[in-house]
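Peer 1: To be precise about what I am sending: the file is called start07.txt and holds compact mmCIF, N, CA and C atoms and all ligand atoms.
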# COMPACT_ATOMS: atom_id res chain seq x y z
N MET O 1 26.77 15.79 -8.98
CA MET O 1 25.73 16.58 -8.28
C MET O 1 25.29 15.85 -7.02
N GLU O 2 25.27 16.55 -5.92
CA GLU O 2 24.83 15.92 -4.68
C GLU O 2 23.31 15.77 -4.68
N LYS O 3 22.88 14.69 -4.06
CA LYS O 3 21.46 14.41 -4.08
C LYS O 3 20.99 14.15 -2.67
N GLN O 4 20.35 15.15 -2.09
CA GLN O 4 19.86 14.99 -0.73
C GLN O 4 18.49 15.64 -0.63
N ALA O 5 17.57 14.94 -0.06
CA ALA O 5 16.23 15.49 0.10
C ALA O 5 15.68 15.12 1.47
N ILE O 6 16.56 15.16 2.42
CA ILE O 6 16.15 14.79 3.77
C ILE O 6 15.69 16.03 4.51
N THR O 7 14.65 15.91 5.30
CA THR O 7 14.16 17.05 6.05
C THR O 7 15.23 17.50 7.03
N GLY O 8 15.37 18.79 7.19
CA GLY O 8 16.43 19.30 8.03
C GLY O 8 17.60 19.75 7.18
N PHE O 9 17.68 19.23 6.02
CA PHE O 9 18.70 19.64 5.05
C PHE O 9 18.36 21.04 4.56
N PRO O 10 19.33 21.96 4.60
CA PRO O 10 19.02 23.32 4.14
C PRO O 10 18.62 23.33 2.67
N LEU O 11 17.54 24.00 2.38
CA LEU O 11 17.03 24.02 1.02
C LEU O 11 17.94 24.83 0.12
N ARG O 12 18.10 24.33 -1.07
CA ARG O 12 18.83 25.09 -2.06
C ARG O 12 17.84 26.01 -2.77
N PRO O 13 18.33 27.10 -3.35
CA PRO O 13 17.39 27.99 -4.06
C PRO O 13 16.65 27.22 -5.14
N GLY O 14 15.35 27.36 -5.17
CA GLY O 14 14.58 26.66 -6.17
C GLY O 14 13.89 25.44 -5.62
N ASP O 15 14.41 24.89 -4.51
CA ASP O 15 13.75 23.75 -3.90
C ASP O 15 12.40 24.17 -3.34
N LYS O 16 11.44 23.29 -3.46
CA LYS O 16 10.11 23.61 -2.95
C LYS O 16 9.77 22.68 -1.81
N THR O 17 9.11 23.21 -0.81
CA THR O 17 8.60 22.36 0.26
C THR O 17 7.12 22.15 0.02
N LEU O 18 6.73 20.88 -0.07
CA LEU O 18 5.34 20.56 -0.36
C LEU O 18 4.76 19.73 0.78
N VAL O 19 3.45 19.73 0.85
CA VAL O 19 2.77 18.95 1.89
C VAL O 19 2.05 17.79 1.23
N CYS O 20 2.28 16.59 1.74
CA CYS O 20 1.66 15.39 1.19
C CYS O 20 0.16 15.43 1.46
N ARG O 21 -0.63 15.20 0.43
CA ARG O 21 -2.08 15.24 0.62
C ARG O 21 -2.61 13.99 1.30
N ASP O 22 -1.79 12.94 1.35
CA ASP O 22 -2.23 11.70 2.00
C ASP O 22 -1.93 11.69 3.49
N CYS O 23 -0.68 11.94 3.85
CA CYS O 23 -0.30 11.82 5.26
C CYS O 23 0.00 13.16 5.90
N GLY O 24 0.04 14.24 5.09
CA GLY O 24 0.26 15.56 5.64
C GLY O 24 1.70 15.88 5.97
N ALA O 25 2.61 14.99 5.62
CA ALA O 25 4.02 15.22 5.89
C ALA O 25 4.59 16.24 4.91
N THR O 26 5.59 16.98 5.38
CA THR O 26 6.26 17.92 4.49
C THR O 26 7.40 17.20 3.79
N PHE O 27 7.56 17.46 2.52
CA PHE O 27 8.67 16.86 1.81
C PHE O 27 9.23 17.87 0.83
N VAL O 28 10.47 17.63 0.40
CA VAL O 28 11.16 18.59 -0.46
C VAL O 28 11.08 18.14 -1.91
N PHE O 29 10.63 19.05 -2.73
CA PHE O 29 10.61 18.83 -4.17
C PHE O 29 11.83 19.57 -4.72
N THR O 30 12.91 18.83 -4.91
CA THR O 30 14.18 19.47 -5.22
C THR O 30 14.21 19.99 -6.64
N VAL O 31 15.16 20.87 -6.89
CA VAL O 31 15.34 21.42 -8.23
C VAL O 31 15.56 20.27 -9.23
N GLY O 32 16.35 19.30 -8.82
CA GLY O 32 16.62 18.16 -9.70
C GLY O 32 15.35 17.41 -10.05
N GLU O 33 14.48 17.22 -9.05
CA GLU O 33 13.22 16.54 -9.30
C GLU O 33 12.29 17.38 -10.17
N GLN O 34 12.34 18.69 -9.94
CA GLN O 34 11.51 19.57 -10.77
C GLN O 34 11.92 19.48 -12.23
N GLU O 35 13.23 19.40 -12.46
CA GLU O 35 13.73 19.25 -13.82
C GLU O 35 13.27 17.93 -14.41
N PHE O 36 13.37 16.88 -13.59
CA PHE O 36 12.95 15.55 -14.02
C PHE O 36 11.47 15.57 -14.42
N TYR O 37 10.66 16.24 -13.60
CA TYR O 37 9.23 16.33 -13.90
C TYR O 37 8.99 17.08 -15.22
N ARG O 38 9.76 18.17 -15.41
CA ARG O 38 9.60 18.94 -16.65
C ARG O 38 9.95 18.10 -17.86
N GLU O 39 11.05 17.33 -17.71
CA GLU O 39 11.46 16.47 -18.83
C GLU O 39 10.38 15.46 -19.18
N LYS O 40 9.68 14.99 -18.15
CA LYS O 40 8.62 14.01 -18.36
C LYS O 40 7.33 14.65 -18.84
N GLY O 41 7.32 15.99 -18.87
CA GLY O 41 6.13 16.69 -19.33
C GLY O 41 5.07 16.82 -18.26
N LEU O 42 5.48 16.61 -17.00
CA LEU O 42 4.53 16.75 -15.91
C LEU O 42 4.52 18.19 -15.44
N LEU O 43 3.36 18.81 -15.49
CA LEU O 43 3.27 20.23 -15.17
C LEU O 43 2.94 20.48 -13.71
N ASN O 44 2.37 19.48 -13.07
CA ASN O 44 1.95 19.68 -11.69
C ASN O 44 3.00 19.18 -10.70
N ASP O 45 3.05 19.81 -9.56
CA ASP O 45 3.92 19.35 -8.50
C ASP O 45 3.40 18.02 -7.97
N PRO O 46 4.28 17.21 -7.43
CA PRO O 46 3.81 15.94 -6.84
C PRO O 46 2.87 16.22 -5.67
N GLN O 47 1.85 15.40 -5.55
CA GLN O 47 0.85 15.60 -4.50
C GLN O 47 1.19 14.84 -3.23
N ARG O 48 2.09 13.87 -3.38
CA ARG O 48 2.35 13.00 -2.23
C ARG O 48 3.83 12.88 -1.94
N CYS O 49 4.14 12.60 -0.69
CA CYS O 49 5.53 12.41 -0.29
C CYS O 49 6.06 11.11 -0.90
N PRO O 50 7.39 10.97 -0.96
CA PRO O 50 7.94 9.78 -1.62
C PRO O 50 7.41 8.46 -1.06
N SER O 51 7.20 8.38 0.25
CA SER O 51 6.76 7.09 0.80
C SER O 51 5.31 6.79 0.42
N CYS O 52 4.45 7.81 0.38
CA CYS O 52 3.08 7.59 -0.05
C CYS O 52 3.03 7.26 -1.54
N ARG O 53 3.93 7.89 -2.31
CA ARG O 53 3.99 7.57 -3.74
C ARG O 53 4.37 6.12 -3.94
N ALA O 54 5.35 5.65 -3.16
CA ALA O 54 5.79 4.25 -3.27
C ALA O 54 4.66 3.32 -2.88
N ALA O 55 3.91 3.70 -1.84
CA ALA O 55 2.80 2.86 -1.39
C ALA O 55 1.74 2.76 -2.47
N ARG O 56 1.46 3.88 -3.12
CA ARG O 56 0.44 3.87 -4.18
C ARG O 56 0.90 3.06 -5.38
N ARG O 57 2.21 3.15 -5.67
CA ARG O 57 2.74 2.36 -6.78
C ARG O 57 2.56 0.89 -6.50
N ARG O 58 2.83 0.51 -5.24
CA ARG O 58 2.67 -0.89 -4.85
C ARG O 58 1.22 -1.32 -5.01
N GLU O 59 0.30 -0.44 -4.59
CA GLU O 59 -1.13 -0.74 -4.71
C GLU O 59 -1.52 -0.95 -6.16
N ARG O 60 -1.07 -0.01 -7.01
CA ARG O 60 -1.46 -0.07 -8.42
C ARG O 60 -0.89 -1.28 -9.12
N SER O 61 0.25 -1.79 -8.64
CA SER O 61 0.88 -2.94 -9.29
C SER O 61 0.02 -4.19 -9.11
N GLY O 62 -1.00 -4.10 -8.23
CA GLY O 62 -1.94 -5.20 -8.09
C GLY O 62 -1.48 -6.30 -7.16
N LEU O 63 -0.36 -6.09 -6.49
CA LEU O 63 0.11 -7.11 -5.57
C LEU O 63 -0.70 -7.04 -4.28
N PRO O 64 -1.16 -8.16 -3.80
CA PRO O 64 -1.90 -8.13 -2.54
C PRO O 64 -0.96 -7.78 -1.40
N PRO O 65 -1.47 -7.07 -0.39
CA PRO O 65 -0.62 -6.67 0.73
C PRO O 65 -0.06 -7.85 1.49
N ARG O 66 -0.81 -8.94 1.59
CA ARG O 66 -0.30 -10.14 2.23
C ARG O 66 -0.60 -11.32 1.32
N GLU O 67 0.13 -12.38 1.57
CA GLU O 67 -0.03 -13.55 0.73
C GLU O 67 -1.37 -14.23 1.04
N MET O 68 -2.18 -14.47 -0.01
CA MET O 68 -3.48 -15.08 0.19
C MET O 68 -3.45 -16.51 -0.34
N HIS O 69 -4.22 -17.37 0.30
CA HIS O 69 -4.26 -18.77 -0.13
C HIS O 69 -5.70 -19.16 -0.45
N GLN O 70 -5.84 -19.86 -1.54
CA GLN O 70 -7.17 -20.30 -1.94
C GLN O 70 -7.47 -21.65 -1.29
N VAL O 71 -8.62 -21.75 -0.66
CA VAL O 71 -9.00 -23.00 0.01
C VAL O 71 -10.43 -23.35 -0.37
N ILE O 72 -10.77 -24.62 -0.16
CA ILE O 72 -12.15 -25.06 -0.35
C ILE O 72 -12.81 -25.11 1.02
N CYS O 73 -13.95 -24.46 1.11
CA CYS O 73 -14.67 -24.43 2.39
C CYS O 73 -15.10 -25.83 2.78
N ALA O 74 -14.78 -26.22 4.02
CA ALA O 74 -15.11 -27.56 4.50
C ALA O 74 -16.61 -27.73 4.70
N GLN O 75 -17.33 -26.64 4.77
CA GLN O 75 -18.76 -26.69 5.03
C GLN O 75 -19.58 -26.71 3.74
N CYS O 76 -19.39 -25.70 2.90
CA CYS O 76 -20.24 -25.56 1.72
C CYS O 76 -19.52 -25.88 0.41
N GLY O 77 -18.21 -26.08 0.48
CA GLY O 77 -17.48 -26.48 -0.72
C GLY O 77 -17.13 -25.37 -1.68
N SER O 78 -17.45 -24.14 -1.32
CA SER O 78 -17.11 -23.03 -2.22
C SER O 78 -15.67 -22.59 -1.97
N ILE O 79 -15.14 -21.88 -2.94
CA ILE O 79 -13.75 -21.45 -2.83
C ILE O 79 -13.67 -20.19 -1.98
N ALA O 80 -12.77 -20.21 -1.03
CA ALA O 80 -12.56 -19.06 -0.16
C ALA O 80 -11.10 -18.68 -0.21
N VAL O 81 -10.83 -17.42 0.08
CA VAL O 81 -9.44 -16.96 0.10
C VAL O 81 -9.11 -16.50 1.52
N VAL O 82 -8.07 -17.07 2.06
CA VAL O 82 -7.69 -16.75 3.43
C VAL O 82 -6.26 -16.22 3.48
N PRO O 83 -5.98 -15.34 4.44
CA PRO O 83 -4.64 -14.74 4.51
C PRO O 83 -3.62 -15.62 5.22
N PHE O 84 -3.97 -16.87 5.49
CA PHE O 84 -3.02 -17.75 6.18
C PHE O 84 -2.93 -19.07 5.42
N LEU O 85 -1.87 -19.79 5.66
CA LEU O 85 -1.71 -21.08 5.00
C LEU O 85 -2.49 -22.12 5.81
N PRO O 86 -3.53 -22.70 5.20
CA PRO O 86 -4.36 -23.64 5.96
C PRO O 86 -3.60 -24.90 6.32
N ARG O 87 -3.87 -25.42 7.50
CA ARG O 87 -3.24 -26.66 7.93
C ARG O 87 -4.10 -27.82 7.49
N GLN O 88 -3.44 -28.90 7.17
CA GLN O 88 -4.14 -30.07 6.64
C GLN O 88 -5.07 -30.69 7.67
N ASP O 89 -4.73 -30.60 8.95
CA ASP O 89 -5.52 -31.29 9.98
C ASP O 89 -6.66 -30.44 10.52
N ARG O 90 -6.85 -29.27 9.91
CA ARG O 90 -7.93 -28.41 10.41
C ARG O 90 -8.84 -28.02 9.25
N PRO O 91 -10.14 -28.09 9.45
CA PRO O 91 -11.05 -27.67 8.39
C PRO O 91 -11.00 -26.16 8.22
N VAL O 92 -11.12 -25.72 6.97
CA VAL O 92 -11.11 -24.29 6.69
C VAL O 92 -12.48 -23.92 6.13
N TYR O 93 -13.04 -22.83 6.59
CA TYR O 93 -14.36 -22.40 6.14
C TYR O 93 -14.26 -21.08 5.40
N CYS O 94 -15.23 -20.86 4.53
CA CYS O 94 -15.35 -19.54 3.94
C CYS O 94 -15.86 -18.60 5.02
N SER O 95 -15.83 -17.30 4.74
CA SER O 95 -16.15 -16.35 5.81
C SER O 95 -17.56 -16.53 6.34
N SER O 96 -18.53 -16.81 5.46
CA SER O 96 -19.91 -16.92 5.95
C SER O 96 -20.10 -18.18 6.79
N CYS O 97 -19.50 -19.30 6.37
CA CYS O 97 -19.59 -20.52 7.16
C CYS O 97 -18.82 -20.38 8.46
N TYR O 98 -17.72 -19.65 8.41
CA TYR O 98 -16.94 -19.44 9.61
C TYR O 98 -17.75 -18.66 10.63
N ASP O 99 -18.46 -17.64 10.16
CA ASP O 99 -19.31 -16.87 11.07
C ASP O 99 -20.40 -17.75 11.65
N LYS O 100 -21.01 -18.58 10.77
CA LYS O 100 -22.09 -19.47 11.24
C LYS O 100 -21.56 -20.45 12.27
N ALA O 101 -20.39 -21.05 11.99
CA ALA O 101 -19.81 -22.02 12.91
C ALA O 101 -19.51 -21.39 14.25
N ARG O 102 -19.01 -20.18 14.21
CA ARG O 102 -18.64 -19.50 15.44
C ARG O 102 -19.89 -19.14 16.24
N ALA O 103 -20.93 -18.69 15.53
CA ALA O 103 -22.18 -18.33 16.20
C ALA O 103 -22.81 -19.58 16.82
N GLY O 104 -22.65 -20.72 16.15
CA GLY O 104 -23.25 -21.94 16.64
C GLY O 104 -22.57 -22.48 17.88
N THR O 105 -21.26 -22.28 18.00
CA THR O 105 -20.54 -22.86 19.12
C THR O 105 -20.43 -21.91 20.30
N SER O 106 -20.77 -20.66 20.11
CA SER O 106 -20.55 -19.70 21.16
C SER O 106 -21.63 -19.76 22.24
N SER O 107 -22.77 -20.37 21.93
CA SER O 107 -23.85 -20.41 22.91
C SER O 107 -23.66 -21.54 23.91
ZN ZN Y 201 2.68 11.03 2.52
ZN ZN Y 202 -18.68 -22.14 3.25
Take the structure in the file and give it back as structure tokens.
Ligand SMILES: [Zn+2]
Ligand SMILES: [Zn+2]
Peer 2:
Amino acid sequence: MEKQAITGFPLRPGDKTLVCRDCGATFVFTVGEQEFYREKGLLNDPQRCPSCRAARRRERSGLPPREMHQVICAQCGSIAVVPFLPRQDRPVYCSSCYDKARAGTSS
């Protein structure tokens, strides 16, 4: 069985065109997918396009979007999480101390 669900591809009878509720893109809910959904006992059509579905799956898996590093704030000693790898020769601050430090030096 051929498997194609690319836009521009002529729809086969039974294929449904749906609109993603997240990004508004049109996507094809193919007969094969509809069968798959029925087998799984899913009665509703998919609400999102494949890419938004993949994005949501990634979100739900609990993986952070970027790698975070735990550091000790050089000012107050509390644990902070930063999206970059701290360098040994530079002090790292938590967000509140960072704001304070920046406000103090900007004048
Ligand atoms: Zn989408
Ligand atoms: Zn701090």
Peer 1: Run DSSP on the backbone and grab whatever in chain O lands in strand (DSSP E or B); send it over as a count of residues only.
Peer 2: 16
Peer 1: May I have the residues within 7 Å of ligand ZN 201 (chain Y), computed using only N, CA and C atoms and all ligand atoms, as a list of chain:residue names?
Peer 2: O:Val19, O:Cys20, O:Arg21, O:Asp22, O:Cys23, O:Gly24, O:Ala25, O:Arg48, O:Cys49, O:Pro50, O:Ser51, O:Cys52, O:Arg53
Peer 1: Restrict the calculation to only C-alpha atoms and all ligand atoms, then for each residue of chain O with any atom at most 10 Å from an atom of ligand ZN 202 (chain Y) give the closest atom pair and their distance in Å to one decimal, rows by chain and rising residue number, as CSV.
Peer 2:
residue,atom,partner,partner_atom,distance
O:Ile72,CA,Y:ZN202,ZN,8.0
O:Cys73,CA,Y:ZN202,ZN,4.7
O:Ala74,CA,Y:ZN202,ZN,6.6
O:Gln75,CA,Y:ZN202,ZN,4.9
O:Cys76,CA,Y:ZN202,ZN,4.1
O:Gly77,CA,Y:ZN202,ZN,6.0
O:Ser78,CA,Y:ZN202,ZN,5.8
O:Ile79,CA,Y:ZN202,ZN,7.9
O:Ala80,CA,Y:ZN202,ZN,7.7
O:Val92,CA,Y:ZN202,ZN,8.6
O:Tyr93,CA,Y:ZN202,ZN,5.2
O:Cys94,CA,Y:ZN202,ZN,4.3
O:Ser95,CA,Y:ZN202,ZN,6.8
O:Ser96,CA,Y:ZN202,ZN,6.0
O:Cys97,CA,Y:ZN202,ZN,4.3
O:Tyr98,CA,Y:ZN202,ZN,7.1
O:Asp99,CA,Y:ZN202,ZN,9.5
O:Lys100,CA,Y:ZN202,ZN,9.1
O:Ala101,CA,Y:ZN202,ZN,9.7
Peer 1: Please identify all polymer residues within 8 Å of stretch 82-84 of chain O, counting only N, CA and C atoms, omitting same-chain residues fewer than 5 positions from it, and present them as an MDAnalysis selection string.
Peer 2: chainID O and resid 66:71 94
Peer 1: Write to file, as an mmCIF file, in the frame of the given file, the residues of the selection just made, with N, CA and C atoms.
Peer 2:
data_model
loop_
_atom_site.group_PDB
_atom_site.id
_atom_site.type_symbol
_atom_site.label_atom_id
_atom_site.label_comp_id
_atom_site.auth_asym_id
_atom_site.auth_seq_id
_atom_site.Cartn_x
_atom_site.Cartn_y
_atom_site.Cartn_z
ATOM 1 N N ARG O 66 -0.810 -8.940 1.590
ATOM 2 C CA ARG O 66 -0.300 -10.140 2.230
ATOM 3 C C ARG O 66 -0.600 -11.320 1.320
ATOM 4 N N GLU O 67 0.130 -12.380 1.570
ATOM 5 C CA GLU O 67 -0.030 -13.550 0.730
ATOM 6 C C GLU O 67 -1.370 -14.230 1.040
ATOM 7 N N MET O 68 -2.180 -14.470 -0.010
ATOM 8 C CA MET O 68 -3.480 -15.080 0.190
ATOM 9 C C MET O 68 -3.450 -16.510 -0.340
ATOM 10 N N HIS O 69 -4.220 -17.370 0.300
ATOM 11 C CA HIS O 69 -4.260 -18.770 -0.130
ATOM 12 C C HIS O 69 -5.700 -19.160 -0.450
ATOM 13 N N GLN O 70 -5.840 -19.860 -1.540
ATOM 14 C CA GLN O 70 -7.170 -20.300 -1.940
ATOM 15 C C GLN O 70 -7.470 -21.650 -1.290
ATOM 16 N N VAL O 71 -8.620 -21.750 -0.660
ATOM 17 C CA VAL O 71 -9.000 -23.000 0.010
ATOM 18 C C VAL O 71 -10.430 -23.350 -0.370
ATOM 19 N N CYS O 94 -15.230 -20.860 4.530
ATOM 20 C CA CYS O 94 -15.350 -19.540 3.940
ATOM 21 C C CYS O 94 -15.860 -18.600 5.020
#
Peer 1: Taking (13.5, 17.9, -4.5) in the file's coordinates as the center, which residues reach within 8 Å of it, counting only N, CA and C atoms, put as a list in words?
Peer 2: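 Protein, DNA and RNA residues close to (13.5, 17.9, -4.5): Gln4, Ala5, Gly14, Asp15, Lys16, Thr17, Phe27, Val28, Phe29, Thr30, Val31, Gly32, Glu33 and Gln34 of chain O.
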Peer 1: Chain O: which residues are helix (DSSP H, G or I) by DSSP, as a ChimeraX atom specification?
Peer 2: /O:31-39,50-60,95-106
Peer 1: What is the distance, in Å and to one decimal place, between atom N of O:Pro13 and atom N of O:Glu35?
Peer 2: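 Atom N of O:Pro13 sits 13.0 Å away from atom N of O:Glu35.
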Peer 1: For a test of reading the model, state the distance in Å between atom N of O:Pro46 and atom CA of O:Leu18, rounded to one decimal.
Peer 2: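 Atom CA of O:Leu18 lies at a distance of 7.9 Å from atom N of O:Pro46.
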Peer 1: Measure the distance from atom CA of O:Gly62 to atom CA of O:Lys40 in Å and round it to one decimal.
Peer 2: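 Between atom CA of O:Gly62 and atom CA of O:Lys40 the gap works out to 24.2 Å.
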